[in-house]
Amino acid sequence: MTETLHARAVLLDMDGTLVDSTAVVERLWLEWAQPHGLDPATVLRVIHGRQGHQSMSILLPERDHAINLHENTVMLANESSDVAGVVEITGAAALLQALLPHPHAIVTSANVELMTARMGAAGLPLPALTITAESVSASKPDPEGFLRAAAELGVDPADCIVFEDSGAGIQAAHAAGMRVVGVGPHAHAHDPEVQVDDLTRVAVTATDDGFTLTID
């Protein structure tokens with residue numbers, strides 16, 4: 001069934017939405033978790049969509065947060081240097097090209113270095129506006145990143161469409177008052193307004209007061 005969403009801006013998560021980095025993310029996080037004796041399934045449920053130090057706080061709630069911040073810095077450096085197998089989500093390049101005339105931004109829990117490394121590995125261009133870990137004081141599922149992107153683009157949150165794959169990201173977008181296109185097989189469980197397997201089904205058409213996203 002075809003869905004048509006009117007918007008004035010699009011906000012895009014990166015990992016799992018524009019780039020497929022699942023293998024490297026999960027491998028590095030399971031290596032981190034092993035000495036702590038953490039259940040792998042629990043680790044994989046927690047880490048997606050959040051900043052690393054927040055994931056560590058959830059997984060090791062009794063630990064000094066200063067340690068989490070330090071280990072997160074190490075994790076980000078490891079992730080930035082390990083981009084083997086990172087590829088675009090099918091249709092990402094075409095969608096970013098179609099959005100060029102319209103307000104759009106990346107809103108990611110990655111830092112600038114990691115975002116740049118993964119987008120470059122996938123052969124994808126960076127939008128003019130990117131909201132990264134350095135840009136916010138609170139990680140998804142807090143809506144701060146999405147709200148900041150909307151404010152910088154000068155667009156009301158209700159007129160923004162978010163593309164997200166993770167539960168934390170979809171929760172953040174809904175808390176910001178935005179509609180969500182869920183990307184990938186796991187997004188459906190988090191109640192996006194629309195769900196797609198990849199980005200090939202999304203078409204962008206300009207209108208007098210913004211644009212429409214047609215998803216077939």
# chains A, B, ... in the order shown; residues from 1 in each chain; ligands from 1

call {"tool": "select_by_dssp", "arguments": {"residues": "stretch 62-127 of chain A", "states": "strand (DSSP E or B)", "output": "ChimeraX atom specification"}}
result
/A:87-88,104-107

call {"tool": "residues_around", "arguments": {"residues": "A:Val43", "least_positions_apart": "6", "cutoff": "9 Å", "atoms": "only C-alpha atoms", "output": "list of chain:residue names"}}
result
A:Glu26, A:Trp29, A:Leu30, A:Ala33, A:Ser55, A:Leu59

call {"tool": "closest_residue", "arguments": {"among": "A:Arg8, A:His70, A:His48, A:His65", "to": "A:Ser109", "atoms": "only C-alpha atoms"}}
result
A:His48

call {"tool": "residues_around", "arguments": {"residues": "A:Glu144", "least_positions_apart": "5", "cutoff": "8 Å", "atoms": "only C-alpha atoms", "output": "ChimeraX atom specification"}}
result
/A:136-139,172,176

call {"tool": "atom_distance", "arguments": {"atom1": "atom CA of A:Glu31", "atom2": "atom CA of A:Met56"}}
result
13.2 Å

call {"tool": "decode", "arguments": {"residues": "stretch 85-151 of chain A", "atoms": "C-alpha atoms", "output": "CSV table (one decimal), in the first residue's frame"}}
result
chain,number,residue,atom,x,y,z
A,85,GLY,CA,32.2,-4.1,5.7
A,86,VAL,CA,30.5,-0.8,6.3
A,87,VAL,CA,28.2,-0.2,3.3
A,88,GLU,CA,25.2,2.0,2.4
A,89,ILE,CA,21.7,0.9,3.2
A,90,THR,CA,20.3,0.2,-0.2
A,91,GLY,CA,18.8,3.4,-1.6
A,92,ALA,CA,20.5,5.8,0.8
A,93,ALA,CA,22.6,7.6,-1.8
A,94,ALA,CA,19.6,8.1,-4.0
A,95,LEU,CA,17.5,9.4,-1.1
A,96,LEU,CA,20.2,11.9,0.0
A,97,GLN,CA,20.5,13.1,-3.6
A,98,ALA,CA,16.7,13.6,-3.8
A,99,LEU,CA,16.8,15.6,-0.5
A,100,LEU,CA,19.5,18.0,-1.6
A,101,PRO,CA,17.0,20.8,-2.5
A,102,HIS,CA,15.1,20.4,0.8
A,103,PRO,CA,16.0,20.9,4.5
A,104,HIS,CA,17.5,17.7,5.9
A,105,ALA,CA,20.1,16.6,8.5
A,106,ILE,CA,21.8,13.6,10.0
A,107,VAL,CA,21.0,13.1,13.7
A,108,THR,CA,23.3,10.4,15.1
A,109,SER,CA,24.7,9.2,18.4
A,110,ALA,CA,28.1,8.8,16.7
A,111,ASN,CA,30.7,11.6,17.1
A,112,VAL,CA,32.0,13.6,14.1
A,113,GLU,CA,35.0,11.3,13.6
A,114,LEU,CA,32.9,8.1,13.5
A,115,MET,CA,30.1,9.6,11.4
A,116,THR,CA,32.7,10.9,8.9
A,117,ALA,CA,34.5,7.5,8.7
A,118,ARG,CA,31.3,5.4,8.3
A,119,MET,CA,29.6,7.7,5.8
A,120,GLY,CA,32.9,7.9,3.8
A,121,ALA,CA,33.3,4.1,3.9
A,122,ALA,CA,29.8,3.8,2.5
A,123,GLY,CA,30.4,6.4,-0.2
A,124,LEU,CA,27.7,8.7,1.1
A,125,PRO,CA,27.9,12.5,1.2
A,126,LEU,CA,27.3,14.4,4.5
A,127,PRO,CA,24.4,16.9,4.6
A,128,ALA,CA,25.1,20.5,5.4
A,129,LEU,CA,23.7,20.0,8.9
A,130,THR,CA,24.8,17.1,11.2
A,131,ILE,CA,23.8,16.7,14.8
A,132,THR,CA,26.4,14.4,16.5
A,133,ALA,CA,27.3,13.3,20.0
A,134,GLU,CA,29.2,16.5,20.4
A,135,SER,CA,26.1,18.6,19.7
A,136,VAL,CA,23.9,17.4,22.5
A,137,SER,CA,23.9,16.9,26.3
A,138,ALA,CA,21.6,13.9,26.2
A,139,SER,CA,21.6,10.7,24.0
A,140,LYS,CA,18.6,9.1,22.3
A,141,PRO,CA,16.0,8.2,23.5
A,142,ASP,CA,16.1,11.8,24.7
A,143,PRO,CA,14.6,14.0,21.9
A,144,GLU,CA,17.3,16.8,22.2
A,145,GLY,CA,19.1,15.9,19.0
A,146,PHE,CA,16.0,15.9,16.8
A,147,LEU,CA,14.7,19.1,18.4
A,148,ARG,CA,18.0,20.8,17.8
A,149,ALA,CA,18.1,19.8,14.2
A,150,ALA,CA,14.5,21.1,13.6
A,151,ALA,CA,15.4,24.4,15.3
